[in-house]
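Asks: To be precise about what I am sending: the file is called protein33.tsv and holds TSV, C-alpha atoms.
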```
chain	number	residue	atom	x	y	z
A	1	MET	CA	-8.85	48.60	-5.37
A	2	SER	CA	-11.92	49.70	-3.47
A	3	ASN	CA	-13.68	46.45	-4.43
A	4	VAL	CA	-10.94	44.40	-2.81
A	5	ASN	CA	-11.27	46.40	0.40
A	6	GLU	CA	-15.02	46.02	0.50
A	7	LYS	CA	-15.19	42.23	0.03
A	8	PRO	CA	-11.94	40.73	1.38
A	9	GLU	CA	-13.72	37.56	2.53
A	10	GLU	CA	-14.44	36.49	-1.04
A	11	ASN	CA	-10.75	36.21	-1.93
A	12	GLY	CA	-8.95	32.85	-1.74
A	13	ILE	CA	-10.24	29.53	-0.47
A	14	VAL	CA	-12.83	29.65	2.28
A	15	LEU	CA	-12.71	26.54	4.47
A	16	THR	CA	-15.88	24.79	5.57
A	17	GLU	CA	-16.38	24.00	9.27
A	18	ALA	CA	-15.43	20.35	8.65
A	19	GLN	CA	-12.22	21.41	6.89
A	20	LYS	CA	-11.37	23.78	9.74
A	21	ARG	CA	-11.91	21.00	12.29
A	22	ALA	CA	-9.72	18.60	10.27
A	23	ARG	CA	-6.98	21.24	9.94
A	24	ARG	CA	-7.11	21.97	13.66
A	25	SER	CA	-6.82	18.29	14.57
A	26	ARG	CA	-3.84	17.93	12.22
A	27	SER	CA	-2.18	21.03	13.71
A	28	ILE	CA	-2.64	19.73	17.26
A	29	ALA	CA	-1.22	16.33	16.28
A	30	ILE	CA	1.86	17.97	14.73
A	31	ALA	CA	2.37	20.16	17.82
A	32	VAL	CA	2.09	17.20	20.20
A	33	LEU	CA	4.47	15.07	18.14
A	34	LEU	CA	7.01	17.89	17.91
A	35	GLY	CA	6.82	18.32	21.68
A	36	VAL	CA	7.33	14.58	22.21
A	37	LEU	CA	10.33	14.65	19.89
A	38	VAL	CA	11.92	17.55	21.80
A	39	VAL	CA	11.41	15.78	25.13
A	40	LEU	CA	12.76	12.53	23.68
A	41	PHE	CA	15.97	14.15	22.43
A	42	TYR	CA	16.36	15.94	25.77
A	43	ILE	CA	15.97	12.72	27.78
A	44	VAL	CA	18.37	10.77	25.57
A	45	THR	CA	20.93	13.58	25.89
A	46	LEU	CA	20.64	13.41	29.69
A	47	ILE	CA	21.01	9.62	29.68
A	48	LYS	CA	23.99	9.55	27.35
A	49	GLY	CA	25.71	12.50	29.02
A	50	PRO	CA	29.01	13.36	27.32
A	51	GLY	CA	28.66	10.09	25.41
A	52	VAL	CA	26.02	11.73	23.23
A	53	LEU	CA	28.89	12.97	21.06
A	54	ASN	CA	30.36	9.49	20.81
A	55	ARG	CA	28.56	7.55	18.09
A	56	PRO	CA	30.29	4.27	17.34
A	57	LEU	CA	28.97	1.97	14.62
B	1	MET	CA	-8.69	-2.17	-21.14
B	2	THR	CA	-10.94	-3.44	-18.36
B	3	MET	CA	-8.41	-2.35	-15.79
B	4	GLN	CA	-8.31	1.18	-17.16
B	5	THR	CA	-12.09	1.42	-17.07
B	6	ASP	CA	-12.18	0.15	-13.50
B	7	THR	CA	-9.50	2.59	-12.38
B	8	ALA	CA	-11.27	5.52	-13.92
B	9	HIS	CA	-14.54	4.47	-12.35
B	10	LEU	CA	-13.11	4.03	-8.87
B	11	SER	CA	-11.09	7.22	-8.82
B	12	SER	CA	-13.61	9.49	-10.45
B	13	PRO	CA	-15.65	10.34	-7.32
B	14	LEU	CA	-12.51	11.66	-5.65
B	15	PRO	CA	-10.89	14.20	-7.94
B	16	ALA	CA	-9.69	16.48	-5.15
B	17	ALA	CA	-7.97	13.66	-3.29
B	18	GLU	CA	-6.41	12.22	-6.43
B	19	THR	CA	-5.00	15.52	-7.62
B	20	GLY	CA	-4.26	17.03	-4.22
B	21	VAL	CA	-6.17	20.19	-5.19
B	22	GLY	CA	-8.41	21.79	-2.58
B	23	PRO	CA	-8.49	21.83	1.22
B	24	SER	CA	-8.00	18.49	2.93
B	25	LEU	CA	-10.42	16.71	5.26
B	26	ALA	CA	-7.74	14.28	6.40
B	27	THR	CA	-7.44	13.67	10.14
B	28	PRO	CA	-4.46	12.36	12.14
B	29	ARG	CA	-6.18	8.96	12.20
B	30	ASP	CA	-6.02	8.80	8.39
B	31	TYR	CA	-2.29	9.50	8.47
B	32	PHE	CA	-1.81	6.88	11.17
B	33	GLU	CA	-3.59	4.35	8.96
B	34	LEU	CA	-1.02	5.05	6.23
B	35	LEU	CA	1.64	3.59	8.53
B	36	LYS	CA	0.09	0.08	8.33
B	37	PRO	CA	-0.11	-0.27	12.13
B	38	ARG	CA	-0.54	-4.06	12.08
B	39	VAL	CA	2.60	-4.60	10.01
B	40	MET	CA	4.33	-2.04	12.24
B	41	SER	CA	3.45	-4.04	15.37
B	42	LEU	CA	5.06	-7.19	13.90
B	43	VAL	CA	8.17	-5.17	13.00
B	44	VAL	CA	8.39	-3.73	16.53
B	45	PHE	CA	7.95	-7.17	18.07
B	46	THR	CA	10.64	-8.90	15.98
B	47	ALA	CA	13.02	-5.94	16.44
B	48	LEU	CA	12.42	-6.16	20.19
B	49	VAL	CA	13.36	-9.85	20.13
B	50	GLY	CA	16.55	-9.08	18.20
B	51	MET	CA	17.39	-6.37	20.71
B	52	VAL	CA	16.69	-8.38	23.85
B	53	VAL	CA	18.41	-11.55	22.63
B	54	ALA	CA	21.57	-9.59	21.79
B	55	PRO	CA	24.46	-10.01	24.24
B	56	GLY	CA	25.32	-7.23	26.67
B	57	GLY	CA	21.90	-5.63	26.66
B	58	ILE	CA	20.93	-2.05	25.95
B	59	ASN	CA	19.81	0.82	28.13
B	60	PRO	CA	16.00	0.44	28.34
B	61	VAL	CA	15.34	4.08	27.38
B	62	ILE	CA	17.71	3.90	24.40
B	63	GLY	CA	16.12	0.56	23.49
B	64	ALA	CA	12.63	2.08	23.61
B	65	VAL	CA	13.79	5.03	21.51
B	66	ALA	CA	15.33	2.61	18.99
B	67	LEU	CA	12.06	0.66	18.77
B	68	LEU	CA	10.11	3.89	18.30
B	69	PHE	CA	12.22	4.99	15.34
B	70	ILE	CA	12.28	1.46	13.86
B	71	ALA	CA	8.47	1.58	14.06
B	72	ILE	CA	8.39	5.00	12.39
B	73	GLY	CA	10.72	3.71	9.65
B	74	ALA	CA	8.43	0.71	9.11
B	75	GLY	CA	5.48	3.13	8.96
B	76	ALA	CA	7.29	5.22	6.36
B	77	SER	CA	7.78	2.08	4.23
B	78	GLY	CA	4.09	1.29	4.54
B	79	ALA	CA	3.11	4.82	3.53
B	80	LEU	CA	5.51	4.77	0.55
B	81	ASN	CA	3.98	1.45	-0.49
B	82	MET	CA	0.47	2.93	-0.26
B	83	TRP	CA	1.56	5.98	-2.25
B	84	TYR	CA	2.96	3.84	-5.07
B	85	GLU	CA	0.23	1.20	-5.03
B	86	ALA	CA	-2.80	3.54	-4.86
B	87	ASP	CA	-4.03	2.60	-8.35
B	88	VAL	CA	-3.80	-1.14	-7.64
B	89	ASP	CA	-5.23	-0.77	-4.13
B	90	ALA	CA	-8.37	0.78	-5.60
B	91	LEU	CA	-8.98	-2.43	-7.59
B	92	MET	CA	-8.74	-4.90	-4.71
B	93	ALA	CA	-11.48	-5.42	-2.11
B	94	ARG	CA	-8.89	-5.90	0.68
B	95	THR	CA	-7.20	-2.53	0.02
B	96	ALA	CA	-9.90	-0.34	-1.58
B	97	LYS	CA	-10.67	1.36	1.75
B	98	ARG	CA	-7.09	2.55	2.32
B	99	PRO	CA	-6.77	6.33	2.78
B	100	ILE	CA	-5.69	7.18	-0.81
B	101	PRO	CA	-8.18	5.08	-2.83
B	102	ASP	CA	-10.87	6.02	-0.31
B	103	GLY	CA	-10.15	9.70	-1.05
B	104	ARG	CA	-9.25	10.70	2.51
B	105	VAL	CA	-5.62	11.75	1.94
B	106	PRO	CA	-4.23	13.25	-1.30
B	107	ARG	CA	-1.59	11.07	-2.92
B	108	GLY	CA	1.07	13.80	-3.08
B	109	GLU	CA	0.72	14.47	0.64
B	110	VAL	CA	1.32	10.80	1.36
B	111	LEU	CA	4.62	10.90	-0.52
B	112	GLY	CA	5.76	13.97	1.44
B	113	PHE	CA	4.60	12.46	4.73
B	114	ALA	CA	6.37	9.14	4.02
B	115	MET	CA	9.65	10.73	2.92
B	116	PHE	CA	9.66	12.98	5.99
B	117	LEU	CA	9.10	10.02	8.32
B	118	ALA	CA	11.76	7.95	6.53
B	119	ALA	CA	14.34	10.73	6.96
B	120	LEU	CA	13.28	11.41	10.55
B	121	SER	CA	13.53	7.74	11.58
B	122	VAL	CA	16.91	7.08	9.95
B	123	ILE	CA	18.55	10.32	11.13
B	124	SER	CA	17.18	10.00	14.67
B	125	LEU	CA	18.22	6.34	14.97
B	126	GLY	CA	21.70	7.32	13.77
B	127	LEU	CA	21.98	10.24	16.20
B	128	LEU	CA	20.43	8.64	19.27
B	129	VAL	CA	21.37	4.95	18.93
B	130	ASN	CA	24.04	4.00	16.38
B	131	VAL	CA	24.93	4.36	12.72
B	132	LEU	CA	24.77	0.65	11.81
B	133	SER	CA	21.14	0.26	12.91
B	134	ALA	CA	20.26	3.50	11.07
B	135	ALA	CA	21.94	2.26	7.89
B	136	LEU	CA	20.10	-1.06	8.10
B	137	LEU	CA	16.81	0.79	8.64
B	138	ALA	CA	17.48	3.01	5.61
B	139	PHE	CA	18.26	-0.05	3.49
B	140	THR	CA	15.08	-1.80	4.70
B	141	ILE	CA	12.92	1.21	3.76
B	142	PHE	CA	14.63	1.40	0.36
B	143	PHE	CA	14.25	-2.34	-0.19
B	144	TYR	CA	10.54	-2.40	0.65
B	145	ALA	CA	9.58	0.76	-1.20
B	146	VAL	CA	11.80	0.55	-4.28
B	147	ILE	CA	12.96	-3.05	-4.76
B	148	TYR	CA	9.71	-4.71	-3.67
B	149	SER	CA	6.86	-2.22	-4.27
B	150	MET	CA	8.14	-0.45	-7.38
B	151	TRP	CA	10.11	-3.21	-9.08
B	152	LEU	CA	9.41	-6.80	-8.04
B	153	LYS	CA	5.72	-6.75	-7.11
B	154	ARG	CA	4.34	-6.09	-10.59
B	155	TRP	CA	7.12	-7.87	-12.45
B	156	THR	CA	7.64	-11.41	-11.16
B	157	PRO	CA	5.80	-14.17	-9.25
B	158	GLN	CA	8.94	-14.35	-7.10
B	159	ASN	CA	8.04	-10.86	-5.78
B	160	ILE	CA	7.40	-11.90	-2.21
B	161	VAL	CA	10.28	-14.38	-2.12
B	162	ILE	CA	12.87	-11.63	-2.64
B	163	GLY	CA	10.72	-8.85	-1.18
B	164	GLY	CA	10.31	-10.89	1.99
B	165	ALA	CA	13.79	-9.74	2.96
B	166	ALA	CA	12.34	-6.34	3.88
B	167	GLY	CA	10.15	-7.92	6.55
B	168	ALA	CA	13.04	-10.07	7.77
B	169	PHE	CA	15.43	-7.21	8.58
B	170	PRO	CA	13.86	-5.85	11.83
B	171	PRO	CA	15.41	-8.40	14.25
B	172	MET	CA	18.76	-7.61	12.66
B	173	ILE	CA	18.15	-3.87	13.18
B	174	GLY	CA	17.18	-4.55	16.80
B	175	TRP	CA	20.37	-6.55	17.33
B	176	ALA	CA	22.47	-3.85	15.66
B	177	ALA	CA	20.83	-1.18	17.86
B	178	ALA	CA	21.88	-3.13	20.98
B	179	THR	CA	25.37	-4.18	19.94
B	180	GLY	CA	26.51	-2.01	17.02
B	181	THR	CA	27.43	-5.24	15.19
B	182	ILE	CA	25.84	-8.13	13.29
B	183	GLY	CA	26.28	-11.74	14.39
B	184	LEU	CA	25.11	-15.15	13.22
B	185	GLU	CA	22.07	-15.18	15.56
B	186	PRO	CA	20.30	-12.18	13.93
B	187	VAL	CA	21.10	-13.71	10.53
B	188	LEU	CA	19.27	-16.87	11.65
B	189	MET	CA	16.28	-14.77	12.78
B	190	PHE	CA	16.40	-13.03	9.39
B	191	LEU	CA	16.38	-16.43	7.65
B	192	ILE	CA	13.42	-17.69	9.68
B	193	ILE	CA	11.24	-14.73	8.58
B	194	PHE	CA	12.66	-14.82	5.04
B	195	ILE	CA	11.81	-18.51	4.48
B	196	TRP	CA	8.49	-18.15	6.34
B	197	THR	CA	7.26	-15.31	4.09
B	198	PRO	CA	6.58	-17.23	0.82
B	199	PRO	CA	4.31	-19.98	2.26
B	200	HIS	CA	2.56	-17.36	4.42
B	201	PHE	CA	1.81	-14.95	1.56
B	202	TRP	CA	1.11	-17.61	-1.07
B	203	ALA	CA	-1.55	-19.14	1.21
B	204	LEU	CA	-3.13	-15.67	1.40
B	205	ALA	CA	-2.68	-15.12	-2.34
B	206	MET	CA	-4.52	-18.39	-3.07
B	207	LEU	CA	-7.50	-17.00	-1.16
B	208	ARG	CA	-7.30	-13.59	-2.88
B	209	LYS	CA	-6.35	-14.83	-6.33
B	210	ASP	CA	-9.19	-13.04	-8.14
B	211	ASP	CA	-8.28	-9.74	-6.50
B	212	TYR	CA	-4.65	-10.04	-7.58
B	213	ALA	CA	-5.64	-11.09	-11.10
B	214	ARG	CA	-7.96	-8.09	-11.44
B	215	ALA	CA	-5.19	-5.77	-10.28
B	216	GLY	CA	-2.70	-7.37	-12.69
B	217	ILE	CA	-0.26	-8.43	-9.97
B	218	PRO	CA	1.64	-11.60	-10.98
B	219	MET	CA	1.30	-13.54	-7.71
B	220	LEU	CA	2.27	-17.20	-8.04
B	221	PRO	CA	-1.32	-18.60	-7.87
B	222	VAL	CA	-2.36	-16.15	-10.63
B	223	VAL	CA	0.58	-16.94	-12.93
B	224	SER	CA	1.26	-20.64	-12.25
B	225	GLY	CA	-2.02	-21.85	-10.73
B	226	ASP	CA	-2.94	-23.47	-7.42
B	227	ARG	CA	-1.17	-26.79	-8.12
B	228	GLU	CA	2.29	-25.20	-8.53
B	229	THR	CA	1.64	-22.81	-5.61
B	230	ARG	CA	0.82	-25.70	-3.31
B	231	ARG	CA	3.99	-27.52	-4.42
B	232	GLN	CA	6.11	-24.42	-3.73
B	233	ILE	CA	4.44	-23.90	-0.34
B	234	LEU	CA	5.32	-27.48	0.61
B	235	LEU	CA	8.94	-27.07	-0.52
B	236	TYR	CA	9.37	-23.85	1.48
B	237	SER	CA	7.74	-25.47	4.53
B	238	LEU	CA	10.22	-28.36	4.33
B	239	LEU	CA	13.01	-25.78	4.34
B	240	LEU	CA	11.41	-23.68	7.06
B	241	ALA	CA	11.21	-26.48	9.64
B	242	PRO	CA	15.02	-26.93	10.01
B	243	VAL	CA	15.69	-23.19	9.60
B	244	GLY	CA	13.18	-22.52	12.41
B	245	ALA	CA	15.07	-24.94	14.64
B	246	SER	CA	18.51	-23.65	13.59
B	247	PRO	CA	19.06	-21.33	16.61
B	248	TRP	CA	18.83	-24.44	18.78
B	249	LEU	CA	20.72	-26.72	16.37
B	250	LEU	CA	23.64	-24.26	16.42
B	251	GLY	CA	23.56	-24.02	20.21
B	252	TYR	CA	22.21	-20.50	20.72
B	253	THR	CA	19.06	-21.48	22.63
B	254	SER	CA	17.92	-24.01	25.20
B	255	ILE	CA	16.16	-27.32	24.58
B	256	VAL	CA	12.84	-25.51	25.29
B	257	TYR	CA	13.19	-23.51	22.08
B	258	GLY	CA	14.52	-26.62	20.33
B	259	ALA	CA	11.52	-28.75	21.28
B	260	ILE	CA	8.96	-26.05	20.44
B	261	SER	CA	10.57	-25.14	17.12
B	262	VAL	CA	10.83	-28.78	16.00
B	263	VAL	CA	7.22	-29.61	16.94
B	264	THR	CA	5.73	-26.43	15.45
B	265	GLY	CA	7.92	-26.80	12.34
B	266	LEU	CA	6.64	-30.34	11.78
B	267	MET	CA	3.07	-29.09	12.29
B	268	PHE	CA	3.76	-26.42	9.63
B	269	VAL	CA	4.90	-29.16	7.22
B	270	ALA	CA	1.79	-31.22	8.08
B	271	ARG	CA	-0.46	-28.26	7.19
B	272	ALA	CA	1.46	-27.78	3.94
B	273	VAL	CA	1.04	-31.50	3.10
B	274	GLN	CA	-2.70	-31.18	3.83
B	275	LEU	CA	-2.89	-28.24	1.45
B	276	PHE	CA	-0.85	-30.07	-1.19
B	277	ALA	CA	-3.07	-33.15	-1.03
B	278	ALA	CA	-6.40	-31.32	-0.73
B	279	PRO	CA	-8.87	-31.82	-3.59
B	280	GLU	CA	-9.59	-28.76	-5.77
B	281	GLY	CA	-12.28	-26.33	-4.62
B	282	LYS	CA	-13.53	-25.68	-1.10
B	283	ALA	CA	-11.14	-28.17	0.50
B	284	THR	CA	-8.14	-26.33	-0.96
B	285	GLU	CA	-9.52	-23.00	0.20
B	286	LEU	CA	-10.04	-24.32	3.72
B	287	ALA	CA	-6.54	-25.83	3.83
B	288	ALA	CA	-5.01	-22.55	2.59
B	289	LYS	CA	-6.95	-20.62	5.23
B	290	LYS	CA	-5.72	-23.01	7.95
B	291	LEU	CA	-2.11	-22.76	6.78
B	292	PHE	CA	-2.26	-18.96	6.67
B	293	GLY	CA	-3.68	-18.76	10.21
B	294	TYR	CA	-1.16	-21.28	11.49
B	295	SER	CA	1.78	-19.49	9.84
B	296	VAL	CA	1.03	-16.32	11.84
B	297	LEU	CA	0.86	-18.33	15.07
B	298	TYR	CA	4.07	-20.24	14.19
B	299	LEU	CA	6.20	-17.13	13.70
B	300	PHE	CA	4.75	-15.40	16.75
B	301	LEU	CA	5.39	-18.46	18.91
B	302	LEU	CA	9.00	-18.89	17.76
B	303	PHE	CA	9.83	-15.27	18.53
B	304	VAL	CA	8.04	-15.31	21.89
B	305	VAL	CA	10.06	-18.37	22.89
B	306	LEU	CA	13.27	-16.72	21.61
B	307	LEU	CA	12.39	-13.66	23.70
B	308	ILE	CA	11.79	-15.66	26.85
B	309	ASP	CA	14.58	-18.17	26.30
B	310	GLY	CA	17.41	-16.00	25.07
B	311	GLY	CA	16.25	-12.63	26.36
B	312	PHE	CA	14.55	-12.74	29.72
B	313	GLY	CA	16.42	-15.88	30.79
B	314	LEU	CA	19.97	-14.73	30.13
B	315	SER	CA	20.52	-11.17	28.97
B	316	PHE	CA	17.87	-9.19	30.79
B	317	GLY	CA	19.77	-9.18	34.05
B	318	GLN	CA	22.76	-7.57	32.36
B	319	LEU	CA	20.97	-4.46	31.12
B	320	THR	CA	23.10	-1.41	31.65
B	321	TRP	CA	21.40	1.63	33.17
```
Show me, as structure tokens, the structure contained in the file I just sent.

Replies:
Amino acid sequence: MSNVNEKPEENGIVLTEAQKRARRSRSIAIAVLLGVLVVLFYIVTLIKGPGVLNRPL
Amino acid sequence: MTMQTDTAHLSSPLPAAETGVGPSLATPRDYFELLKPRVMSLVVFTALVGMVVAPGGINPVIGAVALLFIAIGAGASGALNMWYEADVDALMARTAKRPIPDGRVPRGEVLGFAMFLAALSVISLGLLVNVLSAALLAFTIFFYAVIYSMWLKRWTPQNIVIGGAAGAFPPMIGWAAATGTIGLEPVLMFLIIFIWTPPHFWALAMLRKDDYARAGIPMLPVVSGDRETRRQILLYSLLLAPVGASPWLLGYTSIVYGAISVVTGLMFVARAVQLFAAPEGKATELAAKKLFGYSVLYLFLLFVVLLIDGGFGLSFGQLTW
């Protein structure tokens, strides 16, 4: 138990700087795309108005 | 036996990427490459033509949203294709640098990424535009990934004849997004791309025959030889010329489209005759290269003229805001 407390940094996978940079760029891309998607759905809802609930073939 | 050795050799430097074990170095650019952006741009363009040519018009924002999700659906198909074809891609010079064989994105992640995008595009198109266009998009993704990539491609030399349908659906999806229905005009646009696909891809396959043979893909030039391929290219070109002119012949477009489609269709046939009559060797290669280049220009030109003739000339003024 005491060993775990003394060397917590040795547990699990330790990312290299390049891996951290790649992960960060992927996280930012996901965040931006999610934001765009939210805005897109919002705009389409405004445009369609009540018609947003009407989805004909 | 040789193929197995080659596969092992090419994949061995990239164990982490092949197995998906270990932290990833993949960047957003790598994931974007999985979407086959060049194919995606052709899909967006032909879908746009289908949308603009359709009667009644569509709200520009809804139209743009439809194009975005059609593009994402096309990208999902491309990524599914890359996921399934990774072993074959590693054996061909043209595809060896794709993200999976190059070891940049783990194969399992590509499957998850592609399935997510496929679901996102179909559901969003259904919610924000209409159900028919979403259903057609779902069928197109299924057709390209399952019918073409998984079944036809490694089974029959007719792979791209039937599989070409997947690339022909986008104008129909664009039309369905604008109208909620399917008419004869989008079917004609479908037929133009469908008949155009075999001569286009066979000309390319003649140039990349060794690659396809090494990967064990039964493309027509590999299975039946150049002579039969050239004969088939000529036959499809003879069919393509009238099909290309059919929107005018049936009265859907002006004489401008009629004249351009007839002239360019005859030029297509002339290129196919040149290829058919070319002596074996360098002359054949050159003729195939010329036909391939011309085929891209031919399709692009027909759809640009359709866009201007049927779209901007008649329907654009009726867009509903």

Asks: Can you list every residue of chain A that has an atom at most 10 Å from chain B, with its nearest atom pair and the distance in Å to one decimal, using only C-alpha atoms, ordered by chain then number, as a Markdown table?

Replies:
```
| residue | atom | partner | partner_atom | distance |
| --- | --- | --- | --- | --- |
| A:Ile13 | CA | B:Pro23 | CA | 8.1 |
| A:Val14 | CA | B:Pro23 | CA | 9.0 |
| A:Leu15 | CA | B:Pro23 | CA | 7.1 |
| A:Thr16 | CA | B:Pro23 | CA | 9.1 |
| A:Ala18 | CA | B:Leu25 | CA | 7.1 |
| A:Gln19 | CA | B:Leu25 | CA | 5.3 |
| A:Lys20 | CA | B:Leu25 | CA | 8.4 |
| A:Arg21 | CA | B:Leu25 | CA | 8.4 |
| A:Ala22 | CA | B:Leu25 | CA | 5.4 |
| A:Arg23 | CA | B:Leu25 | CA | 7.4 |
| A:Arg24 | CA | B:Thr27 | CA | 9.0 |
| A:Ser25 | CA | B:Thr27 | CA | 6.4 |
| A:Arg26 | CA | B:Pro28 | CA | 5.6 |
| A:Ser27 | CA | B:Pro28 | CA | 9.1 |
| A:Ile28 | CA | B:Pro28 | CA | 9.2 |
| A:Ala29 | CA | B:Pro28 | CA | 6.6 |
| A:Ile30 | CA | B:Pro28 | CA | 8.8 |
| A:Leu37 | CA | B:Ser124 | CA | 9.8 |
| A:Leu40 | CA | B:Val65 | CA | 7.9 |
| A:Phe41 | CA | B:Leu128 | CA | 7.8 |
| A:Ile43 | CA | B:Val61 | CA | 8.7 |
| A:Val44 | CA | B:Leu128 | CA | 7.0 |
| A:Thr45 | CA | B:Leu128 | CA | 8.3 |
| A:Ile47 | CA | B:Val61 | CA | 8.3 |
| A:Lys48 | CA | B:Leu128 | CA | 8.9 |
| A:Val52 | CA | B:Leu128 | CA | 7.5 |
| A:Leu53 | CA | B:Leu127 | CA | 8.9 |
| A:Asn54 | CA | B:Asn130 | CA | 9.5 |
| A:Arg55 | CA | B:Asn130 | CA | 6.0 |
| A:Pro56 | CA | B:Asn130 | CA | 6.3 |
| A:Leu57 | CA | B:Val131 | CA | 5.1 |
```

Asks: What is the CA of Pro218 (chain B)-CA of Ile160 (chain B) distance in Å, reported with one decimal?

Replies: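 Spanning CA of Pro218 (chain B) to CA of Ile160 (chain B) is a straight-line distance of 10.5 Å.
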
Asks: When you count all atoms listed in the file, which of these residues is closest to Glu285 (chain B): B:Tyr148, B:Phe116, B:Tyr236, B:Trp202?

Replies: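 Among the listed residues, the smallest separation from Glu285 (chain B) belongs to B:Trp202.
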
Asks: Between CA of Val39 (chain A) and CA of Leu67 (chain B), measure the distance and give it in Å to one decimal.

Replies: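 Here the two named atoms are 16.4 Å from each other.
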
Asks: Skipping near chain neighbours, those fewer than 4 positions away, what residues fall within 10 Å of Ile260 (chain B) using all atoms listed in the file, listed as a list in words?

Replies: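 Returned residues: Gly244, Ala245, Ile255, Val256, Thr264, Gly265, Leu266, Tyr298, Leu301, Leu302 and Val305 of chain B.
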
Asks: Just the selected residues (C-alpha atoms), exported as an mmCIF file, in the frame of the given file, please.

Replies:
```cif
data_model
loop_
_atom_site.group_PDB
_atom_site.id
_atom_site.type_symbol
_atom_site.label_atom_id
_atom_site.label_comp_id
_atom_site.auth_asym_id
_atom_site.auth_seq_id
_atom_site.Cartn_x
_atom_site.Cartn_y
_atom_site.Cartn_z
ATOM 1 C CA GLY B 244 13.180 -22.520 12.410
ATOM 2 C CA ALA B 245 15.070 -24.940 14.640
ATOM 3 C CA ILE B 255 16.160 -27.320 24.580
ATOM 4 C CA VAL B 256 12.840 -25.510 25.290
ATOM 5 C CA THR B 264 5.730 -26.430 15.450
ATOM 6 C CA GLY B 265 7.920 -26.800 12.340
ATOM 7 C CA LEU B 266 6.640 -30.340 11.780
ATOM 8 C CA TYR B 298 4.070 -20.240 14.190
ATOM 9 C CA LEU B 301 5.390 -18.460 18.910
ATOM 10 C CA LEU B 302 9.000 -18.890 17.760
ATOM 11 C CA VAL B 305 10.060 -18.370 22.890
#
```

Asks: Out of B:Leu238, B:Leu188, B:Leu35, B:Leu111, which residue has the shortest atom-to-atom distance to Tyr252 (chain B) when counting all atoms listed in the file?

Replies: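 Of B:Leu238, B:Leu188, B:Leu35, B:Leu111, the one nearest Tyr252 (chain B), counting all atoms listed in the file, is B:Leu188.
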